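Engineer: Let me give you the structure first, and then I'll get to my questions.
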Amino acid sequence: MFEVRCCLMLLVYYGKGKGKTTAAIGTAIRALGRGWRVLIAQFMKVWETGERNFVKELVKRCDQLKGRVVWINFGTKEFINPNDLGGEVFSMNVAYAYGFLKYVLPELLRDFRPDLVVLDELGVAVHLNVVDESTAISSARRFSGSTKPPHAIITGRYVPRPLREVADLVTKVDEEKHYFRVVGEALEGLDL
Ligand code: ATP
Ligand code: MG
């Protein structure tokens with residue numbers, strides 16, 4: 001089936017509502033169910049999540065999935081303070097993201113040859129200047145230079161317009177109501 005696919009689709013899920021990462025991971029699971037190879041890279045996100053636990057567990061138990069999923073998380077445990085762009089936490093995140101995009105991603109594209117790449121929260125990384133816009137766009141475009149180009153998904157509350165302009169699909173997730181405003185914290189099982 002994927003022999004006949006030759007084009008890259010770039011999907012963007014952005015906006016202030018909840019469901020962007022969920023949609024990206026849901027698509028990754030759909031792709032895995034079709035025999036695809038999937039790379040998931042999460043920017044500025046190092047904490048444990050239910051979705052990663054689930055996929056790890058599944059890969060452990062299911063031989064057909066072995067070698068078809070690479071899941072990478074990087075960033076600092078501390079959140080970036082938007083008033084301290086240039087501080088240590090910010091710089092560490094810049095270094096992680098730079099290292100991933102410049103060295104790790106090209107190697108994975110060449111050696112792991114994913115059919116789908118999820119760049120979760122890349123939009124926020126660009127928004128905060130952790131990754132510069134042109135690096136993000138050239139990383140997204142680099143896929144089309146691969147021997148067998150993968151599809152890609154970029155998520156983030158904010159995804160800068162130039163990235164949305166090069167995308168083939170842009171879904172804006174809006175917030176009408178969110179329990180976060182009452183609860184004030186992310187809930188295990190629902191949010192992480
Ligand atoms: P999900 O991971 O549930 O698909 P998302 O990717 O759309 O959500 P993000 O903007 O990446 O959402 O936020 C990550 C998580 O933080 C979400 O699960 C969300 O419920 C929670 N959250 C924390 N603060 C807020 C806030 N102020 N407004 C909305 N969501 C928030
Ligand atoms: Mg998210």
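Labels used: A, B, ... for chains in the order of the structure tokens, numbers from 1 for residues in each chain, and numbers from 1 for ligands as shown.
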May I have the residues within 7 Å of ligand 2, computed using only C-alpha atoms and all ligand atoms, as a ChimeraX atom specification?
Structural biologist: /A:20-21,120-121,155-156
Engineer: May I have the residues within 10 Å of stretch 57-72 of chain A as an NGL selection string, using only C-alpha atoms and disregarding those fewer than 6 positions away in the same chain?
Structural biologist: :A and (28 or 32-33 or 35-43 or 45-46 or 51 or 100 or 108 or 112-119)
Engineer: Taking only C-alpha atoms and all ligand atoms into account, report as a ChimeraX atom specification which residues have an atom no farther than 9 Å from an atom of ligand 1.
Structural biologist: /A:13-25,120-121,124,155-158,173,175,177-181,184-187,190-192
Engineer: As an exercise, work out the distance from atom CA of A:Ala97 to atom CA of A:Gly75 in Å and give it to one decimal place.
Structural biologist: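 A separation of 7.5 Å between them.
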Engineer: Please give the complete set of residues from stretch 46-151 of chain A that DSSP, run on the backbone, assigns to alpha helix (DSSP H), formatted as an NGL selection string.
Structural biologist: :A and (50-61 or 88-99 or 105-111 or 122-127 or 133-145)
Engineer: Return the single residue from A:Asn129, A:Asn53, A:Asn81, A:Asn73 that is closest to A:Val94, with distances computed using only C-alpha atoms.
Structural biologist: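 Under the stated criterion, the closest residue is A:Asn129.
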Engineer: Using DSSP on the backbone, list every residue of stretch 36-138 of chain A that comes out as strand (DSSP E), and give them as number ranges by chain.
Structural biologist: A: 38-43, 69-74, 116-120
Engineer: Those residues with N, CA, C and O atoms, as a tab-separated table (two decimals), in the first residue's frame please?
Structural biologist:
```tsv
chain	number	residue	atom	x	y	z
A	38	VAL	N	6.18	4.75	12.57
A	38	VAL	CA	5.80	6.05	13.12
A	38	VAL	C	6.86	6.60	14.06
A	38	VAL	O	7.35	5.90	14.95
A	39	LEU	N	7.20	7.86	13.82
A	39	LEU	CA	8.11	8.57	14.72
A	39	LEU	C	7.31	9.66	15.44
A	39	LEU	O	6.65	10.48	14.79
A	40	ILE	N	7.36	9.62	16.77
A	40	ILE	CA	6.69	10.66	17.55
A	40	ILE	C	7.76	11.41	18.34
A	40	ILE	O	8.51	10.81	19.12
A	41	ALA	N	7.86	12.72	18.10
A	41	ALA	CA	8.82	13.54	18.85
A	41	ALA	C	8.02	14.62	19.57
A	41	ALA	O	7.24	15.34	18.96
A	42	GLN	N	8.21	14.66	20.88
A	42	GLN	CA	7.49	15.65	21.67
A	42	GLN	C	8.45	16.71	22.19
A	42	GLN	O	9.38	16.42	22.95
A	43	PHE	N	8.22	17.93	21.77
A	43	PHE	CA	9.06	19.06	22.17
A	43	PHE	C	8.62	19.56	23.53
A	43	PHE	O	7.41	19.68	23.79
A	69	VAL	N	7.89	1.78	15.94
A	69	VAL	CA	7.60	3.03	16.65
A	69	VAL	C	8.86	3.57	17.31
A	69	VAL	O	9.56	2.84	18.00
A	70	VAL	N	9.13	4.84	17.07
A	70	VAL	CA	10.17	5.53	17.83
A	70	VAL	C	9.48	6.71	18.49
A	70	VAL	O	8.79	7.50	17.83
A	71	TRP	N	9.61	6.80	19.82
A	71	TRP	CA	8.93	7.87	20.57
A	71	TRP	C	10.01	8.60	21.37
A	71	TRP	O	10.65	8.02	22.23
A	72	ILE	N	10.21	9.86	21.06
A	72	ILE	CA	11.27	10.65	21.71
A	72	ILE	C	10.67	11.85	22.42
A	72	ILE	O	9.89	12.60	21.82
A	73	ASN	N	11.03	12.03	23.67
A	73	ASN	CA	10.62	13.24	24.41
A	73	ASN	C	11.85	14.03	24.78
A	73	ASN	O	12.85	13.44	25.21
A	74	PHE	N	11.80	15.32	24.63
A	74	PHE	CA	12.93	16.11	25.09
A	74	PHE	C	12.48	17.49	25.55
A	74	PHE	O	11.42	17.98	25.18
A	116	LEU	N	5.17	8.17	9.02
A	116	LEU	CA	4.49	9.31	9.65
A	116	LEU	C	5.38	9.86	10.76
A	116	LEU	O	5.94	9.09	11.56
A	117	VAL	N	5.52	11.18	10.77
A	117	VAL	CA	6.30	11.84	11.82
A	117	VAL	C	5.37	12.80	12.57
A	117	VAL	O	4.74	13.66	11.94
A	118	VAL	N	5.30	12.65	13.87
A	118	VAL	CA	4.52	13.58	14.69
A	118	VAL	C	5.49	14.50	15.42
A	118	VAL	O	6.37	14.02	16.13
A	119	LEU	N	5.35	15.79	15.20
A	119	LEU	CA	6.19	16.78	15.89
A	119	LEU	C	5.27	17.53	16.86
A	119	LEU	O	4.72	18.59	16.54
A	120	ASP	N	5.10	16.92	18.03
A	120	ASP	CA	4.11	17.43	18.99
A	120	ASP	C	4.65	18.66	19.71
A	120	ASP	O	5.76	18.62	20.26
```
Engineer: Quick one: distance from atom CA of A:Ala125 to atom CA of A:Glu48 in Å, one decimal?
Structural biologist: 19.3 Å
Engineer: Mind giving me the straight-line distance from atom CA of A:Asp84 to atom CA of A:Val131 in Å, one decimal?
Structural biologist: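 Between these atoms lies a distance of 15.8 Å.
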Engineer: Between A:Leu128, A:Val183, A:Val159, A:Ile154, which residue has the minimum interatomic distance to A:Asn83, considering only C-alpha atoms?
Structural biologist: A:Leu128
Engineer: Restricting the calculation to only C-alpha atoms, which member of A:Leu11, A:Ala136, A:Leu169, A:Val126 is positioned closest to A:Leu105?
Structural biologist: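 The closest residue to A:Leu105 is A:Ala136.
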Engineer: Using only C-alpha atoms for the distances, tell me which of A:His127, A:Leu85, A:Glu78, A:Leu101 is nearest to A:Trp47.
Structural biologist: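 Closest to A:Trp47, using only C-alpha atoms: A:Glu78.
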Engineer: Rank A:Tyr103, A:Tyr98, A:Arg110, A:Thr171 by their smallest atom-to-atom distance to A:Thr135, using only C-alpha atoms, and report the top residue only.
Structural biologist: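 Result for the nearest residue to A:Thr135: A:Tyr98.
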Engineer: Nearest residue to A:Phe54 out of A:Ile153, A:Leu122, A:Ile29, A:Met9, using only C-alpha atoms?
Structural biologist: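 Of A:Ile153, A:Leu122, A:Ile29, A:Met9, the one nearest A:Phe54 is A:Ile29, counting only C-alpha atoms.
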